[in-house]
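**Q** If it helps, the file is called protein.tsv and holds TSV, N, CA and C atoms:
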```
chain	number	residue	atom	x	y	z
A	1	MET	N	0.85	-1.19	0.00
A	1	MET	CA	0.00	0.00	0.00
A	1	MET	C	0.89	1.25	0.00
A	2	ALA	N	0.53	2.23	-0.78
A	2	ALA	CA	1.29	3.49	-0.85
A	2	ALA	C	1.08	4.28	0.44
A	3	ALA	N	2.06	5.12	0.75
A	3	ALA	CA	1.96	5.96	1.94
A	3	ALA	C	0.83	6.98	1.75
A	4	PRO	N	0.14	7.37	2.83
A	4	PRO	CA	-0.90	8.40	2.71
A	4	PRO	C	-0.30	9.68	2.12
A	5	PRO	N	-1.10	10.46	1.33
A	5	PRO	CA	-0.55	11.62	0.64
A	5	PRO	C	0.07	12.69	1.53
A	6	ARG	N	-0.31	12.80	2.78
A	6	ARG	CA	0.29	13.80	3.66
A	6	ARG	C	1.36	13.21	4.57
A	7	SER	N	1.77	11.99	4.28
A	7	SER	CA	2.81	11.35	5.07
A	7	SER	C	4.18	11.81	4.61
A	8	PRO	N	5.12	12.06	5.55
A	8	PRO	CA	6.47	12.41	5.13
A	8	PRO	C	7.11	11.35	4.23
A	9	ASP	N	6.69	10.08	4.40
A	9	ASP	CA	7.23	8.99	3.58
A	9	ASP	C	6.81	9.11	2.12
A	10	ALA	N	5.71	9.78	1.85
A	10	ALA	CA	5.21	9.90	0.47
A	10	ALA	C	5.85	11.07	-0.26
A	11	GLY	N	6.59	11.94	0.43
A	11	GLY	CA	7.10	13.14	-0.21
A	11	GLY	C	5.95	14.12	-0.39
A	12	LEU	N	6.16	15.12	-1.20
A	12	LEU	CA	5.14	16.13	-1.44
A	12	LEU	C	4.30	15.67	-2.63
A	13	GLN	N	3.11	15.13	-2.35
A	13	GLN	CA	2.26	14.55	-3.39
A	13	GLN	C	1.08	15.45	-3.71
A	14	GLY	N	0.96	15.82	-4.96
A	14	GLY	CA	-0.18	16.60	-5.43
A	14	GLY	C	-0.88	15.81	-6.52
A	15	SER	N	-1.64	16.50	-7.35
A	15	SER	CA	-2.27	15.86	-8.50
A	15	SER	C	-2.31	16.86	-9.65
A	16	ARG	N	-2.36	16.30	-10.86
A	16	ARG	CA	-2.38	17.12	-12.08
A	16	ARG	C	-3.56	16.67	-12.92
A	17	CYS	N	-4.33	17.64	-13.39
A	17	CYS	CA	-5.51	17.36	-14.21
A	17	CYS	C	-5.07	16.82	-15.57
A	18	SER	N	-5.69	15.74	-16.00
A	18	SER	CA	-5.37	15.17	-17.31
A	18	SER	C	-5.96	15.99	-18.44
A	19	GLY	N	-6.91	16.88	-18.13
A	19	GLY	CA	-7.53	17.71	-19.17
A	19	GLY	C	-6.89	19.07	-19.32
A	20	CYS	N	-6.86	19.86	-18.24
A	20	CYS	CA	-6.36	21.24	-18.35
A	20	CYS	C	-4.97	21.43	-17.75
A	21	ALA	N	-4.39	20.38	-17.17
A	21	ALA	CA	-3.03	20.36	-16.64
A	21	ALA	C	-2.82	21.20	-15.39
A	22	VAL	N	-3.88	21.66	-14.71
A	22	VAL	CA	-3.70	22.40	-13.46
A	22	VAL	C	-3.17	21.43	-12.40
A	23	THR	N	-2.23	21.91	-11.58
A	23	THR	CA	-1.64	21.10	-10.51
A	23	THR	C	-2.14	21.64	-9.17
A	24	VAL	N	-2.46	20.72	-8.24
A	24	VAL	CA	-2.96	21.12	-6.93
A	24	VAL	C	-2.24	20.35	-5.82
A	25	TYR	N	-2.25	20.92	-4.64
A	25	TYR	CA	-1.79	20.26	-3.42
A	25	TYR	C	-2.77	20.60	-2.32
A	26	PRO	N	-3.20	19.62	-1.52
A	26	PRO	CA	-2.90	18.20	-1.62
A	26	PRO	C	-3.62	17.57	-2.80
A	27	ALA	N	-3.29	16.30	-3.06
A	27	ALA	CA	-3.86	15.58	-4.20
A	27	ALA	C	-5.38	15.51	-4.11
A	28	GLU	N	-6.02	15.64	-5.24
A	28	GLU	CA	-7.47	15.52	-5.37
A	28	GLU	C	-7.78	14.52	-6.47
A	29	ASP	N	-8.96	13.90	-6.42
A	29	ASP	CA	-9.38	12.97	-7.48
A	29	ASP	C	-9.88	13.71	-8.71
A	30	ALA	N	-10.45	14.91	-8.48
A	30	ALA	CA	-11.02	15.69	-9.57
A	30	ALA	C	-10.38	17.08	-9.61
A	31	CYS	N	-10.31	17.64	-10.79
A	31	CYS	CA	-9.72	18.97	-10.98
A	31	CYS	C	-10.65	20.05	-10.43
A	32	PRO	N	-10.14	20.98	-9.61
A	32	PRO	CA	-10.99	22.04	-9.10
A	32	PRO	C	-11.33	23.09	-10.16
A	33	ARG	N	-10.59	23.12	-11.27
A	33	ARG	CA	-10.84	24.09	-12.33
A	33	ARG	C	-11.91	23.61	-13.31
A	34	CYS	N	-11.69	22.39	-13.87
A	34	CYS	CA	-12.59	21.94	-14.94
A	34	CYS	C	-13.43	20.72	-14.57
A	35	GLY	N	-13.14	20.10	-13.42
A	35	GLY	CA	-13.90	18.93	-12.99
A	35	GLY	C	-13.42	17.63	-13.61
A	36	GLY	N	-12.39	17.69	-14.43
A	36	GLY	CA	-11.85	16.48	-15.07
A	36	GLY	C	-11.11	15.62	-14.06
A	37	SER	N	-10.68	14.45	-14.53
A	37	SER	CA	-9.96	13.54	-13.64
A	37	SER	C	-8.53	14.03	-13.42
A	38	ALA	N	-8.02	13.74	-12.23
A	38	ALA	CA	-6.67	14.17	-11.87
A	38	ALA	C	-5.83	12.95	-11.55
A	39	ASP	N	-4.57	13.00	-11.97
A	39	ASP	CA	-3.64	11.91	-11.73
A	39	ASP	C	-2.64	12.33	-10.65
A	40	PRO	N	-2.15	11.37	-9.85
A	40	PRO	CA	-1.14	11.72	-8.84
A	40	PRO	C	0.08	12.34	-9.49
A	41	ALA	N	0.70	13.29	-8.78
A	41	ALA	CA	1.90	13.95	-9.27
A	41	ALA	C	2.82	14.27	-8.10
A	42	ALA	N	4.06	13.80	-8.20
A	42	ALA	CA	5.06	14.15	-7.19
A	42	ALA	C	5.50	15.58	-7.46
A	43	LEU	N	5.49	16.41	-6.42
A	43	LEU	CA	5.87	17.81	-6.57
A	43	LEU	C	7.34	18.00	-6.21
A	44	GLN	N	7.98	18.93	-6.88
A	44	GLN	CA	9.42	19.18	-6.75
A	44	GLN	C	9.85	19.45	-5.31
A	45	GLY	N	9.13	20.25	-4.57
A	45	GLY	CA	9.47	20.52	-3.18
A	45	GLY	C	10.36	21.73	-2.95
A	46	THR	N	10.73	22.44	-4.01
A	46	THR	CA	11.46	23.69	-3.83
A	46	THR	C	10.70	24.79	-4.55
A	47	GLY	N	10.80	25.99	-4.01
A	47	GLY	CA	10.11	27.12	-4.61
A	47	GLY	C	10.51	28.41	-3.94
A	48	THR	N	9.66	29.41	-4.09
A	48	THR	CA	9.95	30.72	-3.50
A	48	THR	C	8.78	31.16	-2.63
A	49	LEU	N	9.09	31.97	-1.64
A	49	LEU	CA	8.07	32.48	-0.73
A	49	LEU	C	7.19	33.46	-1.48
A	50	TRP	N	5.89	33.17	-1.53
A	50	TRP	CA	4.93	34.00	-2.25
A	50	TRP	C	4.37	35.08	-1.32
A	51	THR	N	4.03	34.70	-0.09
A	51	THR	CA	3.59	35.64	0.95
A	51	THR	C	3.67	34.93	2.29
A	52	TRP	N	3.60	35.69	3.39
A	52	TRP	CA	3.68	35.10	4.71
A	52	TRP	C	3.05	36.01	5.75
A	53	THR	N	2.85	35.42	6.94
A	53	THR	CA	2.40	36.16	8.11
A	53	THR	C	3.06	35.54	9.33
A	54	VAL	N	3.11	36.30	10.42
A	54	VAL	CA	3.70	35.80	11.66
A	54	VAL	C	2.61	35.74	12.72
A	55	GLN	N	2.47	34.57	13.35
A	55	GLN	CA	1.53	34.37	14.45
A	55	GLN	C	2.26	34.77	15.73
A	56	ARG	N	1.92	35.93	16.29
A	56	ARG	CA	2.68	36.46	17.43
A	56	ARG	C	1.97	36.27	18.78
A	57	TYR	N	0.78	35.68	18.77
A	57	TYR	CA	0.09	35.45	20.04
A	57	TYR	C	-0.48	34.03	20.04
A	58	ALA	N	-0.62	33.48	21.22
A	58	ALA	CA	-1.12	32.11	21.36
A	58	ALA	C	-2.60	32.05	20.98
A	59	PRO	N	-3.00	31.03	20.26
A	59	PRO	CA	-4.41	30.85	19.95
A	59	PRO	C	-5.23	30.61	21.22
A	60	LYS	N	-6.53	30.76	21.11
A	60	LYS	CA	-7.43	30.56	22.24
A	60	LYS	C	-7.36	29.12	22.73
A	61	SER	N	-7.39	28.97	24.04
A	61	SER	CA	-7.35	27.65	24.63
A	61	SER	C	-8.65	27.40	25.40
A	62	PRO	N	-9.32	26.26	25.27
A	62	PRO	CA	-9.06	25.21	24.30
A	62	PRO	C	-9.49	25.64	22.91
A	63	PRO	N	-9.09	25.01	21.87
A	63	PRO	CA	-8.45	23.71	21.78
A	63	PRO	C	-6.93	23.76	21.84
A	64	TYR	N	-6.32	24.96	21.74
A	64	TYR	CA	-4.86	25.06	21.72
A	64	TYR	C	-4.27	24.62	23.04
A	65	GLN	N	-3.20	23.84	22.96
A	65	GLN	CA	-2.45	23.44	24.15
A	65	GLN	C	-1.01	23.91	23.96
A	66	ALA	N	-0.57	24.77	24.85
A	66	ALA	CA	0.79	25.32	24.75
A	66	ALA	C	1.82	24.21	24.90
A	67	PRO	N	2.91	24.28	24.14
A	67	PRO	CA	3.98	23.29	24.30
A	67	PRO	C	4.67	23.49	25.65
A	68	PRO	N	5.47	22.50	26.10
A	68	PRO	CA	6.12	22.59	27.42
A	68	PRO	C	6.90	23.89	27.63
A	69	GLY	N	7.56	24.42	26.61
A	69	GLY	CA	8.33	25.65	26.77
A	69	GLY	C	7.51	26.91	26.63
A	70	GLY	N	6.20	26.79	26.42
A	70	GLY	CA	5.34	27.94	26.22
A	70	GLY	C	5.25	28.33	24.75
A	71	PHE	N	4.37	29.26	24.46
A	71	PHE	CA	4.14	29.69	23.08
A	71	PHE	C	5.32	30.51	22.57
A	72	ALA	N	5.68	30.30	21.31
A	72	ALA	CA	6.71	31.10	20.65
A	72	ALA	C	6.15	31.53	19.29
A	73	PRO	N	6.34	32.78	18.89
A	73	PRO	CA	5.86	33.22	17.57
A	73	PRO	C	6.41	32.34	16.45
A	74	PHE	N	5.61	32.16	15.41
A	74	PHE	CA	6.03	31.35	14.27
A	74	PHE	C	5.44	31.95	12.99
A	75	ALA	N	6.02	31.56	11.86
A	75	ALA	CA	5.59	32.09	10.57
A	75	ALA	C	4.88	31.02	9.76
A	76	LEU	N	3.89	31.47	9.00
A	76	LEU	CA	3.16	30.65	8.03
A	76	LEU	C	3.22	31.37	6.70
A	77	GLY	N	3.32	30.62	5.62
A	77	GLY	CA	3.37	31.28	4.32
A	77	GLY	C	2.93	30.37	3.20
A	78	TYR	N	2.87	30.95	2.02
A	78	TYR	CA	2.62	30.19	0.79
A	78	TYR	C	3.92	30.12	0.02
A	79	VAL	N	4.30	28.91	-0.38
A	79	VAL	CA	5.49	28.68	-1.19
A	79	VAL	C	5.02	28.34	-2.59
A	80	GLU	N	5.48	29.11	-3.57
A	80	GLU	CA	5.11	28.85	-4.96
A	80	GLU	C	6.14	27.92	-5.57
A	81	LEU	N	5.68	26.75	-6.01
A	81	LEU	CA	6.55	25.74	-6.59
A	81	LEU	C	6.70	25.94	-8.09
A	82	ALA	N	7.69	25.28	-8.67
A	82	ALA	CA	7.94	25.37	-10.11
A	82	ALA	C	6.72	24.91	-10.91
A	83	GLU	N	5.94	23.99	-10.35
A	83	GLU	CA	4.74	23.49	-11.03
A	83	GLU	C	3.61	24.52	-11.07
A	84	GLY	N	3.80	25.65	-10.40
A	84	GLY	CA	2.79	26.71	-10.40
A	84	GLY	C	1.81	26.64	-9.25
A	85	VAL	N	1.89	25.63	-8.42
A	85	VAL	CA	0.98	25.50	-7.29
A	85	VAL	C	1.58	26.22	-6.08
A	86	ARG	N	0.74	26.83	-5.27
A	86	ARG	CA	1.16	27.48	-4.03
A	86	ARG	C	0.73	26.61	-2.87
A	87	VAL	N	1.69	26.28	-2.01
A	87	VAL	CA	1.46	25.37	-0.90
A	87	VAL	C	1.61	26.13	0.41
A	88	ALA	N	0.59	26.04	1.28
A	88	ALA	CA	0.66	26.64	2.61
A	88	ALA	C	1.61	25.80	3.46
A	89	ALA	N	2.48	26.48	4.21
A	89	ALA	CA	3.46	25.76	5.01
A	89	ALA	C	3.86	26.56	6.25
A	90	VAL	N	4.30	25.84	7.28
A	90	VAL	CA	4.94	26.46	8.42
A	90	VAL	C	6.36	26.78	7.98
A	91	LEU	N	6.81	28.00	8.26
A	91	LEU	CA	8.15	28.42	7.83
A	91	LEU	C	9.12	28.27	8.99
A	92	ASP	N	10.03	27.33	8.86
A	92	ASP	CA	11.02	27.07	9.90
A	92	ASP	C	12.24	27.97	9.67
A	93	VAL	N	12.22	29.14	10.30
A	93	VAL	CA	13.32	30.10	10.15
A	93	VAL	C	13.79	30.52	11.54
A	94	ASP	N	15.07	30.83	11.62
A	94	ASP	CA	15.63	31.29	12.90
A	94	ASP	C	15.28	32.74	13.18
A	95	ASP	N	15.19	33.55	12.12
A	95	ASP	CA	14.94	34.99	12.26
A	95	ASP	C	13.70	35.37	11.46
A	96	LEU	N	12.60	35.64	12.16
A	96	LEU	CA	11.34	35.99	11.48
A	96	LEU	C	11.48	37.26	10.66
A	97	ASP	N	12.39	38.16	11.04
A	97	ASP	CA	12.58	39.40	10.30
A	97	ASP	C	13.35	39.18	8.99
A	98	ALA	N	13.92	37.99	8.79
A	98	ALA	CA	14.68	37.71	7.56
A	98	ALA	C	13.77	37.25	6.42
A	99	LEU	N	12.50	37.00	6.70
A	99	LEU	CA	11.58	36.55	5.66
A	99	LEU	C	11.38	37.64	4.61
A	100	HIS	N	11.35	37.25	3.34
A	100	HIS	CA	11.05	38.20	2.28
A	100	HIS	C	10.48	37.47	1.08
A	101	ILE	N	9.58	38.13	0.39
A	101	ILE	CA	8.96	37.55	-0.80
A	101	ILE	C	10.04	37.22	-1.80
A	102	GLY	N	9.93	36.02	-2.37
A	102	GLY	CA	10.89	35.56	-3.36
A	102	GLY	C	12.04	34.75	-2.79
A	103	MET	N	12.14	34.65	-1.45
A	103	MET	CA	13.27	33.88	-0.90
A	103	MET	C	13.10	32.41	-1.24
A	104	PRO	N	14.21	31.72	-1.60
A	104	PRO	CA	14.12	30.30	-1.97
A	104	PRO	C	13.91	29.43	-0.73
A	105	LEU	N	12.99	28.48	-0.87
A	105	LEU	CA	12.65	27.58	0.23
A	105	LEU	C	12.54	26.15	-0.28
A	106	THR	N	12.72	25.22	0.63
A	106	THR	CA	12.49	23.82	0.32
A	106	THR	C	11.38	23.32	1.24
A	107	LEU	N	10.46	22.56	0.67
A	107	LEU	CA	9.30	22.05	1.41
A	107	LEU	C	9.46	20.58	1.70
A	108	THR	N	8.99	20.16	2.87
A	108	THR	CA	8.93	18.75	3.20
A	108	THR	C	7.53	18.44	3.68
A	109	ALA	N	7.07	17.23	3.35
A	109	ALA	CA	5.75	16.79	3.79
A	109	ALA	C	5.78	16.59	5.30
A	110	ASP	N	4.65	16.77	5.92
A	110	ASP	CA	4.48	16.59	7.35
A	110	ASP	C	3.10	15.96	7.52
A	111	PRO	N	2.83	15.26	8.61
A	111	PRO	CA	1.49	14.67	8.76
A	111	PRO	C	0.36	15.70	8.68
A	112	GLY	N	0.64	16.94	9.02
A	112	GLY	CA	-0.37	18.01	8.91
A	112	GLY	C	0.02	18.97	7.81
A	113	VAL	N	0.40	20.17	8.20
A	113	VAL	CA	0.81	21.21	7.26
A	113	VAL	C	2.27	20.98	6.88
A	114	PRO	N	2.63	21.09	5.59
A	114	PRO	CA	4.04	20.95	5.20
A	114	PRO	C	4.90	21.99	5.92
A	115	ARG	N	6.19	21.75	5.95
A	115	ARG	CA	7.15	22.66	6.58
A	115	ARG	C	8.13	23.11	5.52
A	116	ALA	N	8.54	24.38	5.61
A	116	ALA	CA	9.48	24.95	4.65
A	116	ALA	C	10.65	25.55	5.41
A	117	ARG	N	11.81	25.46	4.82
A	117	ARG	CA	13.00	26.07	5.40
A	117	ARG	C	13.79	26.73	4.29
A	118	PRO	N	14.57	27.74	4.62
A	118	PRO	CA	15.38	28.42	3.61
A	118	PRO	C	16.38	27.47	2.95
A	119	ILE	N	16.64	27.70	1.70
A	119	ILE	CA	17.68	26.97	0.98
A	119	ILE	C	18.99	27.73	1.19
A	120	THR	N	19.99	27.04	1.68
A	120	THR	CA	21.28	27.67	1.87
A	120	THR	C	22.00	27.77	0.52
A	121	PRO	N	22.92	28.73	0.35
A	121	PRO	CA	23.59	28.89	-0.94
A	121	PRO	C	24.21	27.62	-1.49
A	122	GLY	N	24.78	26.74	-0.67
A	122	GLY	CA	25.37	25.49	-1.13
A	122	GLY	C	24.36	24.50	-1.66
A	123	GLU	N	23.07	24.62	-1.25
A	123	GLU	CA	22.03	23.69	-1.68
A	123	GLU	C	21.44	24.04	-3.03
A	124	GLU	N	21.56	25.29	-3.46
A	124	GLU	CA	20.94	25.74	-4.70
A	124	GLU	C	21.49	24.95	-5.87
A	125	GLY	N	20.58	24.48	-6.71
A	125	GLY	CA	20.96	23.75	-7.90
A	125	GLY	C	21.33	22.30	-7.67
A	126	SER	N	21.23	21.83	-6.40
A	126	SER	CA	21.56	20.43	-6.17
A	126	SER	C	20.34	19.56	-6.20
```
Any chance you could put this one into structure tokens?
**A**
Amino acid sequence: MAAPPRSPDAGLQGSRCSGCAVTVYPAEDACPRCGGSADPAALQGTGTLWTWTVQRYAPKSPPYQAPPGGFAPFALGYVELAEGVRVAAVLDVDDLDALHIGMPLTLTADPGVPRARPITPGEEGS
């Protein structure tokens, strides 16, 4: 049996419409644009930051449960992949002020929301 589409073992799995070629994440059985059938498609996993926001306050509790070290601000953003799809992801960065539109990022699948981290200069093109 194949790994579930949001499993880290499956990589970043989307789907591509066999009719109009639109690509989506997460994978869907039908195209959201034309309603045609969609085939599984492995996504590249690298792209650029399209937009972002920083969550600077703890969500309401319940349902939120603070981690053992307490709440820490974090960033969420959309990463635009080479396939043209924009994927929402948690941005794993050391400096929230270093975020900028167009910065290169690499995405990894996670059981929930994918995670993105900056591409270091040595990683580019590899």
**Q** Of the candidates A:Cys20, A:Ala58, A:Ala116, A:Ala109, which one gets nearest to Gly35 in chain A if we count all atoms listed in the file?
**A**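 For Gly35 in chain A, the nearest of the given residues is A:Cys20.
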**Q** Return the single residue from A:Cys17, A:Arg117, A:Val24, A:Leu105 that is closest to Val90 in chain A, with distances computed using only N, CA and C atoms.
**A**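 Under the stated criterion, the closest residue is A:Arg117.
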**Q** At a cut-off of 8 Å, using all atoms listed in the file, what residues contact Asp92 in chain A? Leave out same-chain residues fewer than 4 positions from it and give the result as a PyMOL selection string.
**A** chain A and resi 74-76+114-118
**Q** Here is a test: counting only C-alpha atoms, which residue of A:Trp52, A:Ala38, A:Pro63, A:Gly11 is nearest to Leu99 in chain A?
**A**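 Smallest separation from Leu99 in chain A among the options: A:Trp52.
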**Q** Which is closest to Thr23 in chain A among A:Pro73, A:Thr48, A:Gly84, A:Gly102, if we use all atoms listed in the file?
**A**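 So, comparing all the options, the nearest one is A:Gly84.
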**Q** State, in Å with one decimal place, the distance from CA of Thr106 in chain A to CA of Thr46 in chain A.
**A**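 A separation of 4.3 Å between them.
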**Q** Find the residues near Gln44 in chain A: any atom within 8 Å, counting only N, CA and C atoms, skip ones fewer than 6 places away on the same chain, and give them as a list in words.
**A**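 The residues that qualify are Leu12, Gln13, Gly14, Leu81, Ala82, Glu83, Thr106 and Leu107 of chain A.
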**Q** Within range 24-123 of chain A, find each residue whose DSSP state, derived from the backbone, is strand (DSSP E or B), and express the selection as a ChimeraX atom specification.
**A** /A:24,30,37-42,46-55,74-81,86-91,104-108,115-118
**Q** Can you work out the spacing between atom C of Asp94 in chain A and CA of Arg56 in chain A in Å, to one decimal?
**A**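 Spanning atom C of Asp94 in chain A to CA of Arg56 in chain A is a straight-line distance of 13.8 Å.
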